[in-house]
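Dropping data_29.cif in here (mmCIF, C-alpha atoms and all ligand atoms):
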```cif
data_final
#
loop_
_atom_site.label_atom_id
_atom_site.label_comp_id
_atom_site.auth_asym_id
_atom_site.auth_seq_id
_atom_site.Cartn_x
_atom_site.Cartn_y
_atom_site.Cartn_z
CA MET A 8 3.80 10.02 3.83
CA LYS A 9 2.71 10.47 0.21
CA ALA A 10 3.27 8.37 -2.89
CA LEU A 11 3.63 10.51 -6.02
CA ILE A 12 2.71 9.28 -9.47
CA PRO A 13 3.70 11.60 -12.33
CA ALA A 14 0.99 11.22 -14.99
CA ALA A 15 1.01 14.42 -17.02
CA GLY A 16 2.86 13.04 -20.05
CA LEU A 17 1.43 13.23 -23.56
CA GLY A 18 1.54 9.48 -24.21
CA THR A 19 3.20 10.14 -27.55
CA ARG A 20 4.20 6.54 -28.17
CA PHE A 21 0.55 5.49 -27.97
CA LEU A 22 -0.88 8.07 -30.36
CA PRO A 23 -3.47 8.28 -31.78
CA ILE A 24 -5.48 6.65 -28.95
CA THR A 25 -3.94 9.01 -26.39
CA LYS A 26 -5.72 11.89 -28.14
CA SER A 27 -8.75 10.93 -26.06
CA ILE A 28 -7.65 8.21 -23.61
CA PRO A 29 -4.74 8.89 -21.24
CA LYS A 30 -1.98 6.31 -21.52
CA GLU A 31 -2.41 5.60 -17.82
CA MET A 32 -6.00 4.51 -18.47
CA LEU A 33 -5.11 1.80 -21.00
CA LEU A 34 -6.27 -1.59 -19.84
CA VAL A 35 -3.76 -4.09 -18.48
CA VAL A 36 -5.68 -7.38 -18.29
CA ASP A 37 -8.69 -6.14 -16.30
CA LYS A 38 -7.88 -2.71 -14.90
CA PRO A 39 -6.17 0.48 -16.07
CA ALA A 40 -2.40 0.62 -15.74
CA ILE A 41 -2.52 3.45 -13.21
CA GLN A 42 -4.68 1.40 -10.83
CA TYR A 43 -1.79 -1.06 -10.35
CA VAL A 44 0.49 1.84 -9.50
CA VAL A 45 -1.98 3.49 -7.10
CA GLU A 46 -2.52 0.15 -5.34
CA GLU A 47 1.24 -0.35 -5.11
CA GLY A 48 1.63 3.09 -3.55
CA LEU A 49 -1.02 2.38 -0.96
CA ALA A 50 0.45 -1.07 -0.22
CA SER A 51 3.73 0.66 0.67
CA GLY A 52 2.15 2.32 3.69
CA ALA A 53 1.64 5.73 2.09
CA ASP A 54 -1.43 7.44 3.51
CA GLU A 55 -2.30 9.04 0.19
CA VAL A 56 -1.41 8.85 -3.47
CA VAL A 57 -0.83 12.18 -5.20
CA ILE A 58 -1.19 12.02 -8.96
CA VAL A 59 0.64 14.76 -10.83
CA ASN A 60 -1.86 15.19 -13.61
CA SER A 61 -2.34 17.41 -16.64
CA ARG A 62 -5.55 19.39 -17.14
CA GLN A 63 -6.26 17.34 -20.26
CA LYS A 64 -6.50 14.03 -18.45
CA GLN A 65 -9.74 14.33 -16.53
CA ALA A 66 -10.49 10.65 -17.31
CA ILE A 67 -8.00 9.64 -14.59
CA GLU A 68 -9.88 11.67 -11.99
CA ASP A 69 -13.28 10.41 -13.15
CA TYR A 70 -12.02 6.87 -12.70
CA PHE A 71 -11.10 7.32 -9.02
CA SER A 72 -14.26 9.34 -8.24
CA PRO A 73 -17.43 7.90 -6.67
CA ALA A 74 -20.24 6.89 -9.04
CA PRO A 75 -23.10 6.22 -6.59
CA GLU A 76 -25.81 6.11 -9.24
CA LEU A 77 -23.96 3.52 -11.29
CA ALA A 78 -23.25 1.43 -8.17
CA ALA A 79 -26.90 1.63 -7.10
CA GLU A 80 -28.13 0.62 -10.53
CA LEU A 81 -25.75 -2.34 -10.63
CA ARG A 82 -26.94 -3.52 -7.22
CA GLU A 83 -30.56 -3.18 -8.31
CA ARG A 84 -29.78 -5.49 -11.19
CA GLY A 85 -28.14 -8.00 -8.87
CA LYS A 86 -24.64 -7.23 -10.16
CA ASP A 87 -23.16 -6.72 -6.70
CA ALA A 88 -19.64 -7.83 -7.59
CA TYR A 89 -19.40 -5.15 -10.28
CA ALA A 90 -20.84 -2.55 -7.90
CA ALA A 91 -18.14 -3.47 -5.40
CA LEU A 92 -15.44 -2.92 -8.05
CA VAL A 93 -16.89 0.48 -8.90
CA GLU A 94 -16.92 1.43 -5.22
CA GLN A 95 -13.46 0.04 -4.49
CA VAL A 96 -11.57 2.33 -6.88
CA ALA A 97 -13.45 5.35 -5.54
CA SER A 98 -12.46 4.48 -1.97
CA TYR A 99 -8.71 4.95 -2.58
CA PRO A 100 -7.18 8.08 -1.01
CA VAL A 101 -6.04 9.80 -4.21
CA SER A 102 -5.54 13.53 -4.76
CA TYR A 103 -4.28 15.59 -7.68
CA VAL A 104 -1.86 18.38 -8.39
CA TYR A 105 -1.26 19.77 -11.86
CA GLN A 106 1.81 20.09 -14.01
CA GLU A 107 0.90 22.97 -16.30
CA GLU A 108 3.90 22.52 -18.60
CA ALA A 109 5.89 19.41 -19.54
CA LEU A 110 9.24 20.57 -18.15
CA GLY A 111 10.54 17.16 -17.05
CA LEU A 112 10.24 14.53 -14.34
CA GLY A 113 11.94 16.68 -11.70
CA HIS A 114 9.50 19.49 -12.41
CA ALA A 115 6.55 17.07 -12.16
CA VAL A 116 7.72 15.88 -8.75
CA ARG A 117 8.28 19.44 -7.58
CA CYS A 118 4.63 20.24 -8.42
CA ALA A 119 3.70 18.04 -5.43
CA ALA A 120 5.97 19.87 -2.95
CA GLU A 121 3.15 21.34 -0.93
CA ALA A 122 1.24 18.05 -0.81
CA CYS A 123 4.31 16.23 0.57
CA GLY A 124 5.14 18.74 3.29
CA ASP A 125 8.29 18.10 5.27
CA GLU A 126 8.13 14.30 5.03
CA PRO A 127 9.90 11.63 3.01
CA PHE A 128 7.91 10.57 -0.05
CA TYR A 129 7.74 7.83 -2.65
CA VAL A 130 7.83 8.40 -6.39
CA LEU A 131 6.41 5.70 -8.65
CA LEU A 132 6.88 5.99 -12.41
CA GLY A 133 3.87 4.47 -14.09
CA ASP A 134 5.56 2.98 -17.15
CA VAL A 135 6.58 -0.02 -15.08
CA LEU A 136 4.12 -2.08 -13.06
CA VAL A 137 5.20 -4.03 -9.96
CA PRO A 138 2.13 -6.17 -9.33
CA GLY A 139 3.51 -7.99 -6.27
CA ASN A 140 3.88 -4.62 -4.47
CA ALA A 141 6.98 -5.90 -2.64
CA MET A 142 9.58 -3.43 -3.94
CA LEU A 143 8.70 -0.28 -1.98
CA PRO A 144 8.47 -2.12 1.38
CA ALA A 145 11.92 -3.63 0.68
CA MET A 146 13.26 -0.14 -0.04
CA LYS A 147 11.67 1.16 3.15
CA ARG A 148 13.49 -1.54 5.14
CA VAL A 149 16.82 -0.44 3.65
CA SER A 150 15.99 3.17 4.51
CA ASP A 151 15.09 2.23 8.09
CA GLU A 152 18.40 0.36 8.43
CA HIS A 153 20.27 3.50 7.36
CA GLY A 154 18.67 6.17 9.50
CA GLY A 155 15.89 7.10 7.09
CA ALA A 156 18.18 7.73 4.09
CA SER A 157 16.78 8.03 0.57
CA VAL A 158 16.65 4.71 -1.29
CA ILE A 159 16.21 4.16 -5.01
CA ALA A 160 15.61 0.93 -6.91
CA VAL A 161 18.18 0.16 -9.60
CA MET A 162 18.52 -2.70 -12.07
CA PRO A 163 21.46 -4.04 -14.05
CA VAL A 164 21.15 -3.27 -17.77
CA PRO A 165 23.42 -4.12 -20.72
CA SER A 166 25.90 -1.32 -21.39
CA ASP A 167 24.31 -0.47 -24.74
CA GLN A 168 21.13 0.50 -22.84
CA VAL A 169 22.50 2.74 -20.07
CA SER A 170 21.88 5.86 -22.15
CA ARG A 171 18.11 5.37 -21.73
CA PHE A 172 18.27 5.67 -17.94
CA GLY A 173 19.61 7.42 -14.88
CA VAL A 174 22.74 5.54 -13.76
CA ILE A 175 24.38 5.37 -10.32
CA ALA A 176 27.98 5.45 -9.16
CA GLY A 177 28.79 3.87 -5.82
CA ALA A 178 29.87 0.71 -4.05
CA ARG A 179 28.11 -2.39 -2.81
CA VAL A 180 27.72 -2.37 0.96
CA GLN A 181 25.45 -5.35 1.51
CA GLU A 182 24.69 -8.63 -0.22
CA GLY A 183 21.25 -10.04 0.25
CA SER A 184 18.74 -12.55 -1.06
CA GLY A 185 16.28 -9.68 -1.47
CA GLY A 186 18.87 -7.82 -3.59
CA ASP A 187 22.25 -6.20 -3.01
CA VAL A 188 22.42 -2.75 -1.48
CA TRP A 189 24.76 -0.06 -2.80
CA LYS A 190 25.78 3.21 -1.22
CA VAL A 191 25.34 5.81 -3.91
CA ASP A 192 27.98 8.48 -4.46
CA GLY A 193 26.82 9.93 -7.78
CA LEU A 194 24.04 9.82 -10.33
CA VAL A 195 24.02 10.77 -13.98
CA GLU A 196 21.00 11.00 -16.27
CA LYS A 197 21.22 9.17 -19.59
CA PRO A 198 25.02 8.91 -19.88
CA ALA A 199 26.77 7.71 -23.03
CA ALA A 200 27.82 4.06 -22.62
CA GLU A 201 31.50 4.99 -22.26
CA ALA A 202 30.74 7.65 -19.63
CA ALA A 203 28.41 5.52 -17.48
CA PRO A 204 29.76 5.00 -13.95
CA SER A 205 28.10 1.56 -13.65
CA ASN A 206 25.49 -0.58 -15.37
CA LEU A 207 22.95 0.00 -12.58
CA ALA A 208 20.01 1.95 -13.99
CA VAL A 209 17.39 3.84 -12.01
CA PHE A 210 14.28 1.67 -12.20
CA GLY A 211 11.44 4.11 -11.46
CA ARG A 212 10.75 3.54 -7.74
CA TYR A 213 12.15 6.08 -5.26
CA LEU A 214 11.90 6.72 -1.52
CA LEU A 215 13.19 10.25 -1.07
CA SER A 216 14.02 12.63 1.72
CA PRO A 217 12.23 16.00 1.86
CA ARG A 218 15.54 17.71 1.08
CA VAL A 219 15.30 16.35 -2.48
CA MET A 220 12.05 18.27 -2.90
CA GLU A 221 13.74 21.49 -1.74
CA LEU A 222 16.73 20.99 -4.04
CA LEU A 223 14.43 20.43 -7.01
CA ALA A 224 13.52 24.10 -6.82
CA GLU A 225 17.13 24.91 -7.72
CA VAL A 226 17.81 22.31 -10.40
CA ARG A 227 18.44 23.82 -13.82
CA PRO A 228 17.35 22.10 -17.04
CA GLY A 229 19.63 19.15 -17.82
CA VAL A 230 19.55 16.34 -20.38
CA GLY A 231 16.93 17.02 -23.06
CA GLY A 232 16.41 20.54 -21.69
CA GLU A 233 14.29 19.00 -18.90
CA ILE A 234 14.42 19.44 -15.13
CA GLN A 235 15.70 16.03 -14.13
CA LEU A 236 14.90 14.27 -10.85
CA THR A 237 18.25 12.51 -11.22
CA ASP A 238 20.08 15.86 -10.98
CA ALA A 239 18.36 16.69 -7.66
CA LEU A 240 19.34 13.23 -6.36
CA ASP A 241 22.95 13.87 -7.34
CA ALA A 242 22.83 17.26 -5.59
CA VAL A 243 21.44 15.86 -2.34
CA LEU A 244 24.46 13.54 -2.04
CA ALA A 245 26.53 16.54 -0.93
CA GLU A 246 24.41 16.65 2.22
CA GLU A 247 22.85 13.23 2.81
CA GLU A 248 23.47 9.52 2.32
CA MET A 249 21.57 7.59 -0.32
CA TYR A 250 21.29 3.87 -0.95
CA ALA A 251 20.24 1.80 -3.96
CA LEU A 252 18.46 -1.54 -3.80
CA VAL A 253 19.37 -3.73 -6.77
CA VAL A 254 16.22 -5.28 -8.19
CA SER A 255 15.81 -7.62 -11.12
CA PRO A 256 14.44 -6.25 -14.41
CA ASP A 257 11.97 -9.16 -14.12
CA ASP A 258 10.43 -7.55 -11.03
CA GLY A 259 8.79 -4.97 -13.28
CA TYR A 260 6.38 -5.17 -16.18
CA ASP A 261 7.01 -2.47 -18.74
CA THR A 262 4.05 -0.69 -20.35
CA GLY A 263 5.96 2.21 -21.92
CA THR A 264 5.57 1.15 -25.56
CA VAL A 265 2.76 -0.56 -27.47
CA GLU A 266 4.90 -3.68 -27.79
CA SER A 267 5.84 -3.88 -24.09
CA TRP A 268 2.26 -3.04 -23.05
CA LEU A 269 0.97 -5.97 -25.14
CA ASP A 270 3.64 -8.28 -23.78
CA THR A 271 2.80 -7.25 -20.21
CA ASN A 272 -0.88 -7.95 -20.86
CA ASN A 273 -0.01 -11.41 -22.14
CA ARG A 274 2.33 -12.23 -19.26
CA LEU A 275 0.00 -11.01 -16.53
CA TYR A 276 -2.97 -12.73 -18.16
CA ALA A 277 -1.05 -16.01 -18.29
CA GLN A 278 -0.05 -15.62 -14.65
CA ARG A 279 -3.53 -14.82 -13.50
CA PHE A 280 -5.52 -17.31 -15.50
CA GLY A 281 -3.02 -20.00 -16.45
CA GLU A 282 -1.21 -20.50 -19.72
CA GLY A 283 -3.54 -23.02 -21.31
CA ARG A 284 -6.80 -21.11 -21.11
C1 LIG B 301 13.11 8.42 -16.16
C2 LIG B 301 14.27 8.89 -15.26
C3 LIG B 301 15.44 7.93 -15.39
C4 LIG B 301 14.99 6.52 -15.06
C5 LIG B 301 13.81 6.12 -15.95
C6 LIG B 301 13.24 4.77 -15.50
O1 LIG B 301 13.51 8.56 -17.49
O2 LIG B 301 14.63 10.20 -15.65
O3 LIG B 301 16.46 8.32 -14.51
O4 LIG B 301 16.06 5.61 -15.24
O5 LIG B 301 12.75 7.08 -15.88
O6 LIG B 301 12.29 4.32 -16.40
P1 LIG B 301 12.45 8.55 -18.72
O7 LIG B 301 12.08 7.11 -18.95
O8 LIG B 301 11.28 9.38 -18.28
O9 LIG B 301 13.18 9.14 -19.88
#
```

This entry written out as structure tokens:
Amino acid sequence: MKALIPAAGLGTRFLPITKSIPKEMLLVVDKPAIQYVVEEGLASGADEVVIVNSRQKQAIEDYFSPAPELAAELRERGKDAYAALVEQVASYPVSYVYQEEALGLGHAVRCAAEACGDEPFYVLLGDVLVPGNAMLPAMKRVSDEHGGASVIAVMPVPSDQVSRFGVIAGARVQEGSGGDVWKVDGLVEKPAAEAAPSNLAVFGRYLLSPRVMELLAEVRPGVGGEIQLTDALDAVLAEEEMYALVVSPDDGYDTGTVESWLDTNNRLYAQRFGEGR
């Protein structure tokens, strides 16, 4: 089973630095943002992470590649702990496919169709970090309880924010300390507040059936002229069940804007090293 990370975006909100440094490579405390996401994917039991990259973002691939000369030099100088860090990131099972044109999230996911084969797959959107790595395993448990159905993470948002997200329609089927579970019966991408079927917004973590990948080939451009993953999820409901695990917005650390990236750095730093330092 693969974990997909779409990473081909232009990083517009971080220009001008994203002219030369991919947004995914920006430091969050002590490692690049994408390393958190790769580690989360691997902690979910995926056997490989597939990064949907753009040809312009070679820096991501360099980062996860072996650097034996650097590691050897560090060891020679007695800096074994640093050498171990250099070797660790190169040991992760990461592969790449390319999105040649920015045609939307659904299109990015579809670029990994061959890599995923006929298996369920995870999708992890890199703008939100989930450092505890607990969300995907919780989603997998819900899927296992419902015969391997697709499961998406959703979070409650104020109604004036629903238009920024995919939003689900459905009904709660389970109450739980780890989060309520809803059975999904519709999804709509970026609805107007008055048209939103609920206030539960798609959070950016998905466990999807292989049928979603097939349906993506047929999805026509939707909101913003882009091929939307949300539209393929809505289409699959005609054939398969889907569930949503309600997570708390606090379970994720946003890095999608300069402001939220800075805030995430501060919060994770405080957590890791203690407030008073
Ligand atoms: C994407 C998805 C949307 C989801 C959001 C989560 O939108 O299309 O359904 O709610 O991620 O962050 P984007 O943020 O790429 O516009």

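You will find CA of Leu132 in chain A at 5.0 Å from CA of Gly211 in chain A.
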
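Here the question is which of A:Val130, A:Ala90, A:Ala79, A:Val265 gets nearest to ligand LIG 301 (chain B) using all atoms listed in the file, and that residue is A:Val130.
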
Show me which residues sit within 6 Å of ligand LIG 301 (chain B) when counting all atoms listed in the file, and put them as an mmCIF file with C-alpha atoms, in the coordinates of the input.
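Now in out.cif:
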```cif
data_model
loop_
_atom_site.group_PDB
_atom_site.id
_atom_site.type_symbol
_atom_site.label_atom_id
_atom_site.label_comp_id
_atom_site.auth_asym_id
_atom_site.auth_seq_id
_atom_site.Cartn_x
_atom_site.Cartn_y
_atom_site.Cartn_z
ATOM 1 C CA PHE A 172 18.270 5.670 -17.940
ATOM 2 C CA GLY A 173 19.610 7.420 -14.880
ATOM 3 C CA GLU A 196 21.000 11.000 -16.270
ATOM 4 C CA ALA A 208 20.010 1.950 -13.990
ATOM 5 C CA VAL A 209 17.390 3.840 -12.010
ATOM 6 C CA PHE A 210 14.280 1.670 -12.200
ATOM 7 C CA GLY A 211 11.440 4.110 -11.460
ATOM 8 C CA THR A 237 18.250 12.510 -11.220
#
```

re CA of Lys197 in chain A and CA of Val253 in chain A: distance 18.3 Å

Compare A:Val44, A:Asp37, A:Arg20, A:Asn60 by their minimum atom-to-atom distance to Leu92 in chain A, counting only C-alpha atoms, and give me the closest one.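 Closest to Leu92 in chain A of all the choices is A:Asp37.
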